[in-house]
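Structure below is my_file-v7.cif: mmCIF, C-alpha atoms.
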data_entry
#
loop_
_atom_site.label_atom_id
_atom_site.label_comp_id
_atom_site.auth_asym_id
_atom_site.auth_seq_id
_atom_site.Cartn_x
_atom_site.Cartn_y
_atom_site.Cartn_z
CA MET Q 285 4.07 1.71 -16.51
CA ARG Q 286 0.87 0.03 -17.57
CA ARG Q 287 -2.05 0.93 -15.34
CA LEU Q 288 -3.86 -1.98 -13.72
CA CYS Q 289 -7.38 -1.13 -12.63
CA PHE Q 290 -9.74 -3.68 -11.14
CA ALA Q 291 -13.15 -3.22 -9.53
CA LEU Q 292 -11.62 -5.48 -6.89
CA GLY Q 293 -12.33 -8.90 -8.03
CA LEU Q 294 -8.55 -8.43 -7.96
CA VAL Q 295 -6.58 -10.81 -10.13
CA ILE Q 296 -3.73 -12.54 -8.32
CA LEU Q 297 -0.88 -12.23 -10.80
CA GLY Q 298 0.64 -15.54 -11.76
CA ALA Q 299 -1.87 -17.53 -9.74
CA ALA Q 300 -4.83 -17.51 -12.10
CA GLY Q 301 -3.44 -19.97 -14.63
CA ALA Q 302 -2.44 -19.48 -18.23
CA GLY Q 303 -4.68 -16.46 -18.69
CA ALA Q 304 -3.04 -14.43 -15.93
CA GLN Q 305 -1.12 -11.31 -16.90
CA PRO Q 306 2.62 -11.27 -16.20
CA PRO Q 307 3.83 -9.26 -13.19
CA GLN Q 308 4.84 -5.66 -13.75
CA ARG Q 309 8.41 -4.50 -13.46
CA ALA Q 310 9.45 -3.45 -9.99
CA VAL Q 311 8.84 0.19 -9.17
CA ASN Q 312 10.31 2.49 -6.55
CA ILE Q 313 7.85 5.10 -5.35
CA ALA Q 314 9.70 7.69 -3.26
CA MET Q 315 8.39 10.69 -1.31
CA GLU Q 316 9.04 12.73 1.81
CA ASP Q 317 6.68 12.80 4.78
CA GLN Q 318 5.59 15.75 6.91
CA PHE Q 319 8.88 15.56 8.83
CA LYS Q 320 10.90 15.75 5.56
CA THR Q 321 11.98 12.12 6.02
CA ARG Q 322 12.40 10.36 2.68
CA HIS Q 323 10.71 7.00 2.15
CA GLU Q 324 10.95 4.52 -0.75
CA THR Q 325 8.85 1.48 -1.54
CA GLY Q 326 12.01 -0.09 -2.96
CA THR Q 327 13.32 -0.56 0.58
CA MET Q 328 10.18 -2.52 1.52
CA ARG Q 329 10.57 -5.49 -0.81
CA GLY Q 330 9.62 -8.71 0.88
CA ASP Q 331 6.49 -7.03 2.28
CA VAL Q 332 3.19 -6.07 0.66
CA VAL Q 333 2.91 -2.29 0.38
CA VAL Q 334 -0.52 -0.66 0.33
CA LEU Q 335 -0.49 3.02 -0.60
CA VAL Q 336 -3.76 4.70 0.40
CA TYR Q 337 -3.95 8.15 -1.17
CA ALA Q 338 -6.50 10.90 -1.59
CA GLU Q 339 -6.90 14.55 -2.36
CA ARG Q 340 -8.06 16.92 0.35
CA LYS Q 341 -11.79 16.09 0.28
CA GLY Q 342 -11.11 12.37 0.42
CA GLY Q 343 -8.52 12.57 3.17
CA GLU Q 344 -10.79 11.55 6.04
CA ALA Q 345 -12.16 8.49 4.22
CA ALA Q 346 -8.66 7.44 3.16
CA GLN Q 347 -7.36 7.86 6.71
CA GLU Q 348 -10.12 5.65 8.10
CA LEU Q 349 -9.56 2.98 5.45
CA GLY Q 350 -5.83 2.97 6.12
CA ARG Q 351 -6.46 2.65 9.85
CA ARG Q 352 -8.81 -0.31 9.34
CA LEU Q 353 -6.33 -2.09 7.09
CA HIS Q 354 -3.43 -1.54 9.46
CA VAL Q 355 -5.39 -2.74 12.48
CA HIS Q 356 -6.64 -5.81 10.61
CA PHE Q 357 -3.11 -6.96 9.84
CA HIS Q 358 -1.65 -5.62 13.11
CA PRO Q 359 -4.46 -6.12 15.67
CA ASN Q 360 -2.27 -5.08 18.61
CA ALA Q 361 -2.15 -1.57 17.13
CA GLU Q 362 -5.69 -0.92 18.35
CA ASN Q 363 -4.51 -0.84 21.96
CA VAL Q 364 -1.17 0.96 21.82
CA SER Q 365 -0.02 4.56 21.67
CA ALA Q 366 0.67 6.34 18.39
CA THR Q 367 4.41 5.94 18.95
CA GLU Q 368 3.97 2.15 18.95
CA TRP Q 369 1.36 2.06 16.17
CA ALA Q 370 3.72 1.05 13.37
CA ARG Q 371 5.80 -1.37 15.47
CA GLN Q 372 3.19 -4.03 16.10
CA PRO Q 373 3.68 -7.56 14.74
CA VAL Q 374 1.82 -8.61 11.62
CA THR Q 375 -0.68 -11.48 11.74
CA GLY Q 376 0.61 -14.89 10.74
CA LEU Q 377 -0.32 -16.97 7.71
CA PRO Q 378 -1.74 -20.52 7.69
CA ASN Q 379 0.84 -23.26 7.21
CA TRP Q 380 3.69 -20.77 7.07
CA PRO Q 381 7.10 -22.51 7.39
CA ALA Q 382 8.63 -22.34 10.86
CA GLY Q 383 11.60 -20.03 11.16
CA VAL Q 384 10.75 -18.10 7.97
CA ARG Q 385 9.94 -14.38 8.23
CA VAL Q 386 6.28 -13.63 7.59
CA PRO Q 387 5.79 -10.79 5.06
CA ASP Q 388 4.50 -7.63 6.67
CA VAL Q 389 1.76 -5.38 5.29
CA ARG Q 390 2.92 -1.77 5.05
CA VAL Q 391 -0.13 0.47 4.90
CA ILE Q 392 1.05 3.96 3.94
CA ALA Q 393 -1.04 7.12 4.03
CA VAL Q 394 -0.34 9.51 1.15
CA ALA Q 395 -1.74 13.02 0.83
CA SER Q 396 -2.08 14.03 -2.82
CA MET Q 397 -1.49 17.79 -2.98
CA PRO Q 398 -0.30 18.80 -6.46
CA GLU Q 399 -2.31 22.01 -6.19
CA ILE Q 400 -0.04 23.34 -3.42
CA PRO Q 401 2.51 25.79 -4.88
CA ARG Q 402 6.13 25.24 -3.84
CA ALA Q 403 6.15 28.43 -1.75
CA LEU Q 404 3.30 27.10 0.40
CA GLN Q 405 4.56 23.53 0.81
CA PRO Q 406 6.23 24.31 4.17
CA VAL Q 407 2.83 25.53 5.43
CA ALA Q 408 1.20 22.30 4.24
CA ARG Q 409 3.90 20.26 5.99
CA ALA Q 410 3.35 22.18 9.21
CA GLN Q 411 -0.40 21.58 9.05
CA MET Q 412 0.16 17.87 8.41
CA ARG Q 413 2.51 17.69 11.43
CA LYS Q 414 -0.27 19.23 13.49
CA ASP Q 415 -2.86 16.78 12.16
CA SER Q 416 -0.54 13.75 12.42
CA PRO Q 417 2.22 14.56 14.92
CA ILE Q 418 3.64 11.02 15.07
CA VAL Q 419 2.40 8.74 12.28
CA PRO Q 420 4.18 9.57 8.99
CA VAL Q 421 2.12 10.71 6.02
CA TRP Q 422 3.78 10.78 2.61
CA LEU Q 423 3.24 14.09 0.81
CA ASP Q 424 2.66 13.83 -2.94
CA PHE Q 425 3.23 17.42 -3.99
CA ASP Q 426 3.99 16.33 -7.56
CA GLY Q 427 0.81 14.30 -8.00
CA ARG Q 428 2.84 11.21 -8.93
CA LEU Q 429 0.24 8.67 -7.85
CA GLU Q 430 -2.57 10.59 -9.53
CA HIS Q 431 -0.63 10.82 -12.79
CA SER Q 432 0.39 7.16 -12.76
CA PHE Q 433 -2.77 5.52 -11.44
CA GLY Q 434 -5.54 8.09 -11.52
CA ILE Q 435 -7.54 9.44 -8.63
CA VAL Q 436 -11.21 9.52 -7.65
CA PRO Q 437 -11.96 12.74 -5.72
CA GLY Q 438 -13.75 12.55 -2.40
CA GLY Q 439 -12.65 9.04 -1.48
CA PRO Q 440 -9.72 6.69 -1.00
CA ASN Q 441 -7.50 5.39 -3.77
CA ILE Q 442 -5.27 2.33 -3.32
CA VAL Q 443 -2.16 0.99 -5.01
CA VAL Q 444 -1.12 -2.52 -3.99
CA VAL Q 445 2.56 -3.43 -4.47
CA ASN Q 446 3.53 -7.09 -4.14
CA THR Q 447 6.52 -8.51 -2.27
CA LEU Q 448 8.67 -8.24 -5.40
CA GLY Q 449 8.07 -4.50 -5.54
CA GLU Q 450 5.72 -4.78 -8.55
CA VAL Q 451 2.44 -2.88 -8.85
CA HIS Q 452 -0.23 -5.55 -8.57
CA SER Q 453 -3.48 -3.60 -8.69
CA VAL Q 454 -5.27 -0.29 -8.22
CA LEU Q 455 -8.60 0.42 -6.53
CA SER Q 456 -10.43 3.74 -6.38
CA GLY Q 457 -13.60 4.81 -4.63
CA HIS Q 458 -15.65 3.63 -1.69
CA VAL Q 459 -14.62 0.29 -0.18
CA ASP Q 460 -17.62 -1.51 1.24
CA GLN Q 461 -17.50 -4.65 3.39
CA VAL Q 462 -17.41 -7.00 0.40
CA LYS Q 463 -14.56 -5.12 -1.29
CA MET Q 464 -12.74 -4.89 2.01
CA ARG Q 465 -12.84 -8.68 2.40
CA GLU Q 466 -11.64 -9.10 -1.19
CA LEU Q 467 -8.82 -6.63 -0.66
CA ILE Q 468 -7.69 -8.40 2.51
CA ALA Q 469 -7.82 -11.75 0.74
CA THR Q 470 -5.75 -10.36 -2.12
CA ILE Q 471 -3.10 -8.99 0.25
CA ASP Q 472 -2.85 -12.31 2.09
CA ALA Q 473 -2.57 -14.18 -1.23
CA LEU Q 474 0.33 -11.91 -2.21
CA ARG Q 475 1.97 -12.59 1.14
CA GLN Q 476 1.60 -16.33 0.58
CA GLN Q 477 3.26 -16.02 -2.82
CA ALA Q 478 6.43 -14.82 -1.08
CA ARG Q 479 7.07 -18.36 0.19
CA SER Q 480 10.24 -19.71 -1.38
CA ASP Q 481 8.54 -23.03 -2.12
CA GLN Q 482 5.78 -21.24 -4.06
CA ARG Q 483 7.77 -18.48 -5.73
CA THR Q 484 8.62 -20.59 -8.81
CA ALA Q 485 4.94 -21.35 -9.38
CA VAL Q 486 3.89 -17.71 -9.56
CA VAL Q 487 6.90 -15.90 -11.01
CA PRO Q 488 7.96 -16.67 -14.60
CA THR Q 489 11.54 -17.81 -15.18
CA GLY Q 490 13.97 -14.93 -15.15
CA LEU Q 491 11.73 -12.58 -13.13
CA SER Q 492 12.59 -13.82 -9.64
CA ARG Q 493 14.66 -11.37 -7.64
#

Structure rendered as structure tokens:
Amino acid sequence: MRRLCFALGLVILGAAGAGAQPPQRAVNIAMEDQFKTRHETGTMRGDVVVLVYAERKGGEAAQELGRRLHVHFHPNAENVSATEWARQPVTGLPNWPAGVRVPDVRVIAVASMPEIPRALQPVARAQMRKDSPIVPVWLDFDGRLEHSFGIVPGGPNIVVVNTLGEVHSVLSGHVDQVKMRELIATIDALRQQARSDQRTAVVPTGLSR
């Protein structure tokens, strides 16, 4: 898979005119969480998936970024218990057709831990259950995201997957207010592209799912 790295003047694939790069093939990123529940991005098509990952020293910054993103797109989450955190409705989109499902934004926390030997993985799971007893955290013991997209130590790393299940862009490092606004705008633009009356304008013939 070709790596797409932007400093977060993120290019909206298919929406930037003739010079835009074609969308990537759909991917299915699969991992278990701290409860040994298996998750796959392939089951989330129709929504924008935002994987926020970090190694140990960047875990706190990644957690805070993921929280901010989730609350932005699900503002009710700020005032509910952890058990209801992931069940809150996503914000709407301007001029969205009545009766049509609005694409959600799935912000997923991923702990990159390839340095943990297999024998100690149960210990790492137990610690993660203690740190996050309710909200799932995907555990990347194989370093899949790092190998595919790279990783900047000490901070958050982000992979954005569009509603077709294609990797749209990658961002690594500190996200300031300007980059945060750009990231949010990019995610909303990808959600808008899921409209059936716009799909043909942004997806080349033969690539629609």

Counting all atoms listed in the file, what are the residues of range 304-405 of chain Q within 8 Å of range 425-442 of chain Q, and for each of them which pair of atoms is the nearest and at what distance in Å, to one decimal? Sort the table by chain and rising number, as CSV.
residue,atom,partner,partner_atom,distance
Q:Val334,CA,Q:Ile442,CA,6.7
Q:Leu335,CA,Q:Ile442,CA,5.5
Q:Val336,CA,Q:Ile442,CA,4.7
Q:Tyr337,CA,Q:Asn441,CA,5.2
Q:Ala338,CA,Q:Pro440,CA,5.3
Q:Glu339,CA,Q:Pro437,CA,6.3
Q:Arg340,CA,Q:Gly438,CA,7.7
Q:Lys341,CA,Q:Gly438,CA,4.9
Q:Gly342,CA,Q:Gly438,CA,3.9
Q:Gly343,CA,Q:Gly439,CA,7.2
Q:Ala345,CA,Q:Gly439,CA,5.7
Q:Ala346,CA,Q:Pro440,CA,4.4
Q:Leu349,CA,Q:Pro440,CA,7.4
Q:Ser396,CA,Q:Gly427,CA,5.9
Q:Met397,CA,Q:Phe425,CA,4.8
Q:Pro398,CA,Q:Phe425,CA,4.5
Q:Glu399,CA,Q:Phe425,CA,7.5
Q:Ile400,CA,Q:Phe425,CA,6.8
Q:Gln405,CA,Q:Phe425,CA,7.9

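Proximity to Val419 in chain Q was assessed for Q:Leu474, Q:Leu404, Q:Met328, Q:Val394 counting only C-alpha atoms; the smallest distance is recorded for Q:Val394.
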
Using the chain letters and numbers from this file, what does the PyMOL selection byres ((chain Q and resi 367) around 12) select? Give the answer as a list in words.
Ala361, Asn363, Val364, Ser365, Ala366, Glu368, Trp369, Ala370, Arg371, Gln372, Ser416, Pro417, Ile418, Val419 and Pro420 of chain Q

Have a look at Q:Arg329, Q:His323, Q:Arg409, Q:His354 and name the one nearest to Glu450 in chain Q; count all atoms listed in the file.
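Ranked by minimum distance to Glu450 in chain Q, first place goes to Q:Arg329.
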
Separation of CA of Arg390 in chain Q and CA of Val462 in chain Q, in Å?
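One can read the CA of Arg390 in chain Q to CA of Val462 in chain Q distance as 21.5 Å.
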
Identify all residues satisfying the PyMOL selection byres ((chain Q and resi 448) around 7) in the given file; provide them as a short mmCIF file (atom, residue, chain, number, x, y, z; two decimals) with C-alpha atoms, in the frame of the given file.
data_model
loop_
_atom_site.label_atom_id
_atom_site.label_comp_id
_atom_site.auth_asym_id
_atom_site.auth_seq_id
_atom_site.Cartn_x
_atom_site.Cartn_y
_atom_site.Cartn_z
CA ALA Q 310 9.45 -3.45 -9.99
CA ARG Q 329 10.57 -5.49 -0.81
CA GLY Q 330 9.62 -8.71 0.88
CA ASN Q 446 3.53 -7.09 -4.14
CA THR Q 447 6.52 -8.51 -2.27
CA GLY Q 449 8.07 -4.50 -5.54
CA GLU Q 450 5.72 -4.78 -8.55
#

Met464 in chain Q environment, 10 Å, all atoms listed in the file, sequence neighbours closer than 5 positions dropped, as a PyMOL selection string
chain Q and resi 292+349+352-353+458-459+469-470

Of the candidates Q:Ala478, Q:Val454, Q:Val374, Q:Ala403, which one gets nearest to Asp388 in chain Q if we count only C-alpha atoms?
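So, comparing all the options, the nearest one is Q:Val374.
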
Can you pull out the residues contacting range 313-319 of chain Q? Cut-off 7 Å, using all atoms listed in the file, and skip same-chain residues under 2 positions away; I want them as a PyMOL selection string.
chain Q and resi 311+321-325+409+412-413+420-424

Closest of Q:Thr375, Q:Glu348, Q:Val443, Q:Lys320 to Pro387 in chain Q - atom-to-atom distances counting only C-alpha atoms
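Distance minimum relative to Pro387 in chain Q lands on Q:Thr375.
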
Report the distance between CA of Lys463 in chain Q and CA of Arg351 in chain Q in Å, rounded to one decimal place.
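Distance between the two atoms: 15.8 Å.
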
Figure out the distance between CA of Ser456 in chain Q and CA of Leu377 in chain Q, please, to one decimal in Å.
27.0 Å

N, CA and C atoms for range 392-405 of chain Q, written as a PDB file, in the coordinates of the input, could you do that?
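Printed below is out29.pdb as written:
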ATOM      1  N   ILE Q 392       0.436   2.622   3.945  1.00  0.00           N
ATOM      2  CA  ILE Q 392       1.050   3.960   3.940  1.00  0.00           C
ATOM      3  C   ILE Q 392       0.022   4.993   3.519  1.00  0.00           C
ATOM      4  N   ALA Q 393      -0.143   6.005   4.354  1.00  0.00           N
ATOM      5  CA  ALA Q 393      -1.040   7.120   4.030  1.00  0.00           C
ATOM      6  C   ALA Q 393      -0.289   8.119   3.158  1.00  0.00           C
ATOM      7  N   VAL Q 394      -0.932   8.532   2.065  1.00  0.00           N
ATOM      8  CA  VAL Q 394      -0.340   9.510   1.150  1.00  0.00           C
ATOM      9  C   VAL Q 394      -1.343  10.627   0.917  1.00  0.00           C
ATOM     10  N   ALA Q 395      -0.900  11.859   1.115  1.00  0.00           N
ATOM     11  CA  ALA Q 395      -1.740  13.020   0.830  1.00  0.00           C
ATOM     12  C   ALA Q 395      -1.368  13.554  -0.542  1.00  0.00           C
ATOM     13  N   SER Q 396      -2.316  13.528  -1.475  1.00  0.00           N
ATOM     14  CA  SER Q 396      -2.080  14.030  -2.820  1.00  0.00           C
ATOM     15  C   SER Q 396      -2.380  15.522  -2.852  1.00  0.00           C
ATOM     16  N   MET Q 397      -1.318  16.334  -3.061  1.00  0.00           N
ATOM     17  CA  MET Q 397      -1.490  17.790  -2.980  1.00  0.00           C
ATOM     18  C   MET Q 397      -0.767  18.511  -4.112  1.00  0.00           C
ATOM     19  N   PRO Q 398      -1.008  18.129  -5.362  1.00  0.00           N
ATOM     20  CA  PRO Q 398      -0.300  18.800  -6.460  1.00  0.00           C
ATOM     21  C   PRO Q 398      -0.713  20.254  -6.641  1.00  0.00           C
ATOM     22  N   GLU Q 399      -1.848  20.633  -6.041  1.00  0.00           N
ATOM     23  CA  GLU Q 399      -2.310  22.010  -6.190  1.00  0.00           C
ATOM     24  C   GLU Q 399      -1.566  22.985  -5.283  1.00  0.00           C
ATOM     25  N   ILE Q 400      -0.769  22.472  -4.349  1.00  0.00           N
ATOM     26  CA  ILE Q 400      -0.040  23.340  -3.420  1.00  0.00           C
ATOM     27  C   ILE Q 400       1.202  23.903  -4.101  1.00  0.00           C
ATOM     28  N   PRO Q 401       1.304  25.228  -4.266  1.00  0.00           N
ATOM     29  CA  PRO Q 401       2.510  25.790  -4.880  1.00  0.00           C
ATOM     30  C   PRO Q 401       3.730  25.578  -3.976  1.00  0.00           C
ATOM     31  N   ARG Q 402       4.902  25.529  -4.586  1.00  0.00           N
ATOM     32  CA  ARG Q 402       6.130  25.240  -3.840  1.00  0.00           C
ATOM     33  C   ARG Q 402       6.302  26.183  -2.651  1.00  0.00           C
ATOM     34  N   ALA Q 403       5.957  27.448  -2.821  1.00  0.00           N
ATOM     35  CA  ALA Q 403       6.150  28.430  -1.750  1.00  0.00           C
ATOM     36  C   ALA Q 403       5.310  28.106  -0.523  1.00  0.00           C
ATOM     37  N   LEU Q 404       4.200  27.395  -0.715  1.00  0.00           N
ATOM     38  CA  LEU Q 404       3.300  27.100   0.400  1.00  0.00           C
ATOM     39  C   LEU Q 404       3.463  25.662   0.923  1.00  0.00           C
ATOM     40  N   GLN Q 405       4.369  24.902   0.347  1.00  0.00           N
ATOM     41  CA  GLN Q 405       4.560  23.530   0.810  1.00  0.00           C
ATOM     42  C   GLN Q 405       5.014  23.445   2.270  1.00  0.00           C
TER      43      GLN Q 405
END
